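*Asks:* Got a structure for you, query_33.json, holding JSON, C-alpha atoms and all ligand atoms.
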```json
[["chain", "number", "residue", "atom", "x", "y", "z"],
["A", 1, "MET", "CA", -77.33, -90.55, 67.48],
["A", 2, "ARG", "CA", -74.91, -93.07, 68.90],
["A", 3, "SER", "CA", -72.83, -94.80, 66.25],
["A", 4, "ALA", "CA", -72.87, -98.57, 66.22],
["A", 5, "SER", "CA", -70.66, -101.07, 64.48],
["A", 6, "VAL", "CA", -72.85, -103.86, 63.24],
["A", 7, "LYS", "CA", -72.13, -107.32, 61.88],
["A", 8, "LEU", "CA", -74.53, -108.89, 59.40],
["A", 9, "ILE", "CA", -74.90, -112.64, 59.75],
["A", 10, "ARG", "CA", -76.78, -114.96, 57.39],
["A", 11, "THR", "CA", -78.56, -118.04, 58.63],
["A", 12, "GLN", "CA", -80.67, -120.72, 56.93],
["A", 13, "GLN", "CA", -83.22, -120.47, 59.75],
["A", 14, "PRO", "CA", -86.80, -119.80, 58.63],
["A", 15, "ILE", "CA", -86.82, -116.26, 60.04],
["A", 16, "ILE", "CA", -86.78, -112.76, 58.62],
["A", 17, "ALA", "CA", -84.34, -110.96, 60.90],
["A", 18, "HIS", "CA", -83.46, -110.23, 64.49],
["A", 19, "ALA", "CA", -80.84, -108.18, 66.26],
["A", 20, "GLY", "CA", -78.71, -108.27, 69.35],
["A", 21, "PHE", "CA", -75.26, -107.44, 70.69],
["A", 22, "GLY", "CA", -74.08, -105.60, 67.61],
["A", 23, "MET", "CA", -75.29, -108.27, 65.20],
["A", 24, "ILE", "CA", -78.16, -108.44, 62.77],
["A", 25, "VAL", "CA", -79.08, -111.99, 61.83],
["A", 26, "VAL", "CA", -81.02, -112.43, 58.61],
["A", 27, "GLY", "CA", -82.71, -115.71, 57.71],
["A", 28, "ARG", "CA", -84.22, -117.40, 54.67],
["A", 29, "PHE", "CA", -87.35, -115.25, 54.55],
["A", 30, "PHE", "CA", -85.37, -112.02, 54.44],
["A", 31, "TYR", "CA", -84.11, -112.68, 50.92],
["A", 32, "LEU", "CA", -87.62, -113.28, 49.59],
["A", 33, "LEU", "CA", -88.53, -109.65, 50.28],
["A", 34, "PRO", "CA", -88.09, -106.69, 47.90],
["A", 35, "THR", "CA", -84.96, -104.59, 48.45],
["A", 36, "ILE", "CA", -86.89, -101.59, 49.78],
["A", 37, "GLU", "CA", -88.36, -103.78, 52.54],
["A", 38, "GLN", "CA", -85.01, -105.45, 53.28],
["A", 39, "GLU", "CA", -83.47, -102.01, 53.80],
["A", 40, "ALA", "CA", -86.32, -100.94, 56.09],
["A", 41, "ILE", "CA", -85.97, -104.12, 58.15],
["A", 42, "LEU", "CA", -82.22, -103.59, 58.53],
["A", 43, "ALA", "CA", -82.89, -100.00, 59.67],
["A", 44, "HIS", "CA", -85.45, -101.29, 62.21],
["A", 45, "GLU", "CA", -83.00, -103.92, 63.53],
["A", 46, "LEU", "CA", -80.27, -101.28, 63.71],
["A", 47, "GLY", "CA", -82.65, -99.27, 65.89],
["A", 48, "HIS", "CA", -82.82, -102.20, 68.33],
["A", 49, "ILE", "CA", -79.01, -102.23, 68.49],
["A", 50, "VAL", "CA", -78.59, -98.47, 68.86],
["A", 51, "TYR", "CA", -81.13, -98.39, 71.69],
["A", 52, "ARG", "CA", -79.60, -101.50, 73.33],
["A", 53, "HIS", "CA", -82.92, -103.30, 73.56],
["A", 54, "THR", "CA", -81.43, -106.78, 73.82],
["A", 55, "ARG", "CA", -79.45, -105.76, 76.88],
["A", 56, "GLN", "CA", -82.64, -104.57, 78.60],
["A", 57, "ARG", "CA", -84.44, -107.81, 77.73],
["A", 58, "ILE", "CA", -81.61, -109.95, 79.08],
["A", 59, "ILE", "CA", -81.52, -107.97, 82.32],
["A", 60, "TRP", "CA", -85.23, -108.63, 82.74],
["A", 61, "ALA", "CA", -84.71, -112.32, 82.01],
["A", 62, "LEU", "CA", -81.87, -112.61, 84.54],
["A", 63, "GLN", "CA", -83.93, -110.88, 87.21],
["A", 64, "LEU", "CA", -86.88, -113.17, 86.37],
["A", 65, "ARG", "CA", -88.91, -109.98, 86.34],
["A", 66, "TRP", "CA", -91.05, -111.25, 83.49],
["A", 67, "LEU", "CA", -92.52, -113.80, 85.95],
["A", 68, "TRP", "CA", -94.25, -111.19, 88.05],
["A", 69, "ASP", "CA", -94.06, -107.93, 86.18],
["A", 70, "SER", "CA", -96.76, -107.76, 83.53],
["A", 71, "SER", "CA", -95.12, -104.76, 81.90],
["A", 72, "PHE", "CA", -92.67, -107.08, 80.09],
["A", 73, "SER", "CA", -94.95, -107.08, 77.06],
["A", 74, "ASP", "CA", -95.19, -103.28, 77.33],
["A", 75, "MET", "CA", -91.41, -103.15, 77.10],
["A", 76, "LEU", "CA", -91.37, -105.38, 73.99],
["A", 77, "ARG", "CA", -94.04, -103.18, 72.48],
["A", 78, "ASP", "CA", -92.08, -99.99, 73.23],
["A", 79, "HIS", "CA", -88.96, -101.56, 71.73],
["A", 80, "GLU", "CA", -90.72, -102.38, 68.46],
["A", 81, "LEU", "CA", -92.23, -98.92, 68.15],
["A", 82, "GLU", "CA", -88.89, -97.31, 69.00],
["A", 83, "ALA", "CA", -87.08, -99.40, 66.36],
["A", 84, "ASP", "CA", -89.78, -98.48, 63.82],
["A", 85, "ALA", "CA", -89.32, -94.79, 64.64],
["A", 86, "PHE", "CA", -85.57, -95.22, 64.11],
["A", 87, "ALA", "CA", -86.19, -96.72, 60.66],
["A", 88, "VAL", "CA", -88.59, -93.89, 59.78],
["A", 89, "ASP", "CA", -86.02, -91.31, 60.94],
["A", 90, "SER", "CA", -83.43, -92.88, 58.66],
["A", 91, "GLY", "CA", -85.74, -92.58, 55.66],
["A", 92, "HIS", "CA", -87.26, -96.06, 55.45],
["A", 93, "ALA", "CA", -90.92, -95.32, 56.15],
["A", 94, "GLU", "CA", -92.06, -96.48, 52.72],
["A", 95, "GLY", "CA", -90.33, -99.85, 52.88],
["A", 96, "LEU", "CA", -91.41, -100.42, 56.46],
["A", 97, "LEU", "CA", -95.05, -99.68, 55.62],
["A", 98, "ALA", "CA", -94.90, -102.06, 52.66],
["A", 99, "PHE", "CA", -93.48, -104.80, 54.89],
["A", 100, "LEU", "CA", -95.89, -104.23, 57.80],
["A", 101, "SER", "CA", -98.91, -104.30, 55.52],
["A", 102, "LYS", "CA", -98.09, -107.97, 54.77],
["A", 103, "LEU", "CA", -97.17, -108.96, 58.33],
["A", 104, "THR", "CA", -99.54, -111.08, 60.44],
["A", 105, "PRO", "CA", -100.03, -110.23, 64.15],
["A", 106, "ALA", "CA", -97.80, -112.10, 66.62],
["A", 107, "PRO", "CA", -98.31, -112.59, 70.38],
["A", 108, "LEU", "CA", -96.59, -110.03, 72.65],
["A", 109, "TYR", "CA", -95.71, -107.79, 69.72],
["A", 110, "PRO", "CA", -97.62, -104.65, 68.80],
["A", 111, "SER", "CA", -100.02, -105.38, 65.95],
["A", 112, "PRO", "CA", -98.93, -104.44, 62.42],
["A", 113, "ARG", "CA", -101.98, -102.18, 62.30],
["A", 114, "GLU", "CA", -100.82, -100.24, 65.38],
["A", 115, "ARG", "CA", -97.28, -99.99, 64.00],
["A", 116, "ILE", "CA", -98.58, -98.66, 60.67],
["A", 117, "ALA", "CA", -100.71, -96.05, 62.46],
["A", 118, "ARG", "CA", -97.66, -94.95, 64.48],
["A", 119, "ILE", "CA", -95.54, -94.56, 61.36],
["A", 120, "HIS", "CA", -98.21, -92.43, 59.70],
["A", 121, "ALA", "CA", -98.36, -90.30, 62.86],
["A", 122, "LEU", "CA", -94.56, -89.89, 62.82],
["A", 123, "GLN", "CA", -94.59, -88.90, 59.17],
["A", 124, "GLY", "CA", -97.24, -86.30, 59.93],
["A", 125, "THR", "CA", -94.95, -84.83, 62.60],
["A", 126, "HIS", "CA", -91.93, -84.86, 60.32],
["A", 127, "HIS", "CA", -93.67, -83.08, 57.53],
["A", 128, "GLY", "CA", -94.59, -80.23, 59.85],
["B", 201, "ZN", "ZN", -88.09, -105.38, 66.08]]
```
Show me this structure written as structure tokens.
Ligand SMILES: [Zn+2]
*Replies:*
Amino acid sequence: MRSASVKLIRTQQPIIAHAGFGMIVVGRFFYLLPTIEQEAILAHELGHIVYRHTRQRIIWALQLRWLWDSSFSDMLRDHELEADAFAVDSGHAEGLLAFLSKLTPAPLYPSPRERIARIHALQGTHHG
């Protein structure tokens, strides 16, 4: 695994968290969550940083590829599932499942139900 140096930034924005360029930004909603879920979210966001997802998204944006290439949403989906797998690998499956079970579906993103199913599948693999 590539090591990453990460800065944590607090904002008053009504968001949970997002990541990019070596930073994880946490907003007002983050602090309303139980610690186990906060840790899982940080692990998920760290996954985005380690896999350099933001860089890929920016490259797409600069090339205006999202205008004609319908696989943009596939990329976002892959990024979310990859970041979830990273969090599971670092031992945060339980917190992530707790968080996802409360999450409502959002456009472009994989559904919480799909993400939960993927995590269960990963856990199955990990336990042999
Ligand atoms: Zn994410």
*Asks:* Any residue with an atom at most 7 Å from ligand ZN 201 (chain B) counts, using all atoms listed in the file. Which are they? Put them as a PyMOL selection string.
*Replies:* chain A and resi 18+44-45+48+79-80+83
*Asks:* With C-alpha atoms retained, export the selected residues as an mmCIF file, keeping the file's coordinate frame.
*Replies:*
```cif
data_model
loop_
_atom_site.group_PDB
_atom_site.id
_atom_site.type_symbol
_atom_site.label_atom_id
_atom_site.label_comp_id
_atom_site.auth_asym_id
_atom_site.auth_seq_id
_atom_site.Cartn_x
_atom_site.Cartn_y
_atom_site.Cartn_z
ATOM 1 C CA HIS A 18 -83.460 -110.230 64.490
ATOM 2 C CA HIS A 44 -85.450 -101.290 62.210
ATOM 3 C CA GLU A 45 -83.000 -103.920 63.530
ATOM 4 C CA HIS A 48 -82.820 -102.200 68.330
ATOM 5 C CA HIS A 79 -88.960 -101.560 71.730
ATOM 6 C CA GLU A 80 -90.720 -102.380 68.460
ATOM 7 C CA ALA A 83 -87.080 -99.400 66.360
#
```
*Asks:* Just the residues within 9 Å of Ala19 of chain A, please, counting all atoms listed in the file, with nothing from its chain fewer than 3 positions along; format it as a list in words.
*Replies:* Gly22, Met23, Ile24, Val25, Val26, Glu45, Leu46, His48, Ile49 and Thr54 of chain A
*Asks:* Do a neighbour search on segment 105-114 of chain A at 9 Å with only C-alpha atoms, toss out local chain neighbours closer than 4 positions, and write the hits as a ChimeraX atom specification.
*Replies:* /A:72-74,76-78,80-81,100-101,118-119
*Asks:* List the spatial neighbours of segment 28-40 of chain A as JSON, numbers by chain - criterion: any atom at most 9 Å away, only C-alpha atoms, same-chain residues fewer than 5 positions off excluded.
*Replies:* {"A": [10, 11, 12, 13, 14, 15, 16, 17, 45, 84, 87, 88, 90, 91, 92, 93, 94, 95, 96, 97, 98, 99]}
*Asks:* Can you measure atom CA of Ser71 of chain A to atom CA of Lys102 of chain A for me? One decimal in Å is fine.
*Replies:*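 Separating atom CA of Ser71 of chain A from atom CA of Lys102 of chain A is a distance of 27.5 Å.
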*Asks:* Mind giving me the straight-line distance from atom CA of Trp68 of chain A to atom CA of Glu82 of chain A in Å, one decimal?
*Replies:*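 Atom-to-atom, atom CA of Trp68 of chain A and atom CA of Glu82 of chain A are spaced 24.2 Å apart.
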*Asks:* List the residues sitting within 10 Å of (-82.8, -105.5, 76.8) in the file's frame, using all atoms listed in the file, as a VMD selection string.
*Replies:* chain A and resid 20 to 21 48 to 49 51 to 61 75 to 76 79
*Asks:* Taking all atoms listed in the file into account, which of A:Gly47, A:Arg65, A:Thr104, A:Ala85 comes nearest His120 of chain A?
*Replies:*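 Distance minimum relative to His120 of chain A lands on A:Ala85.
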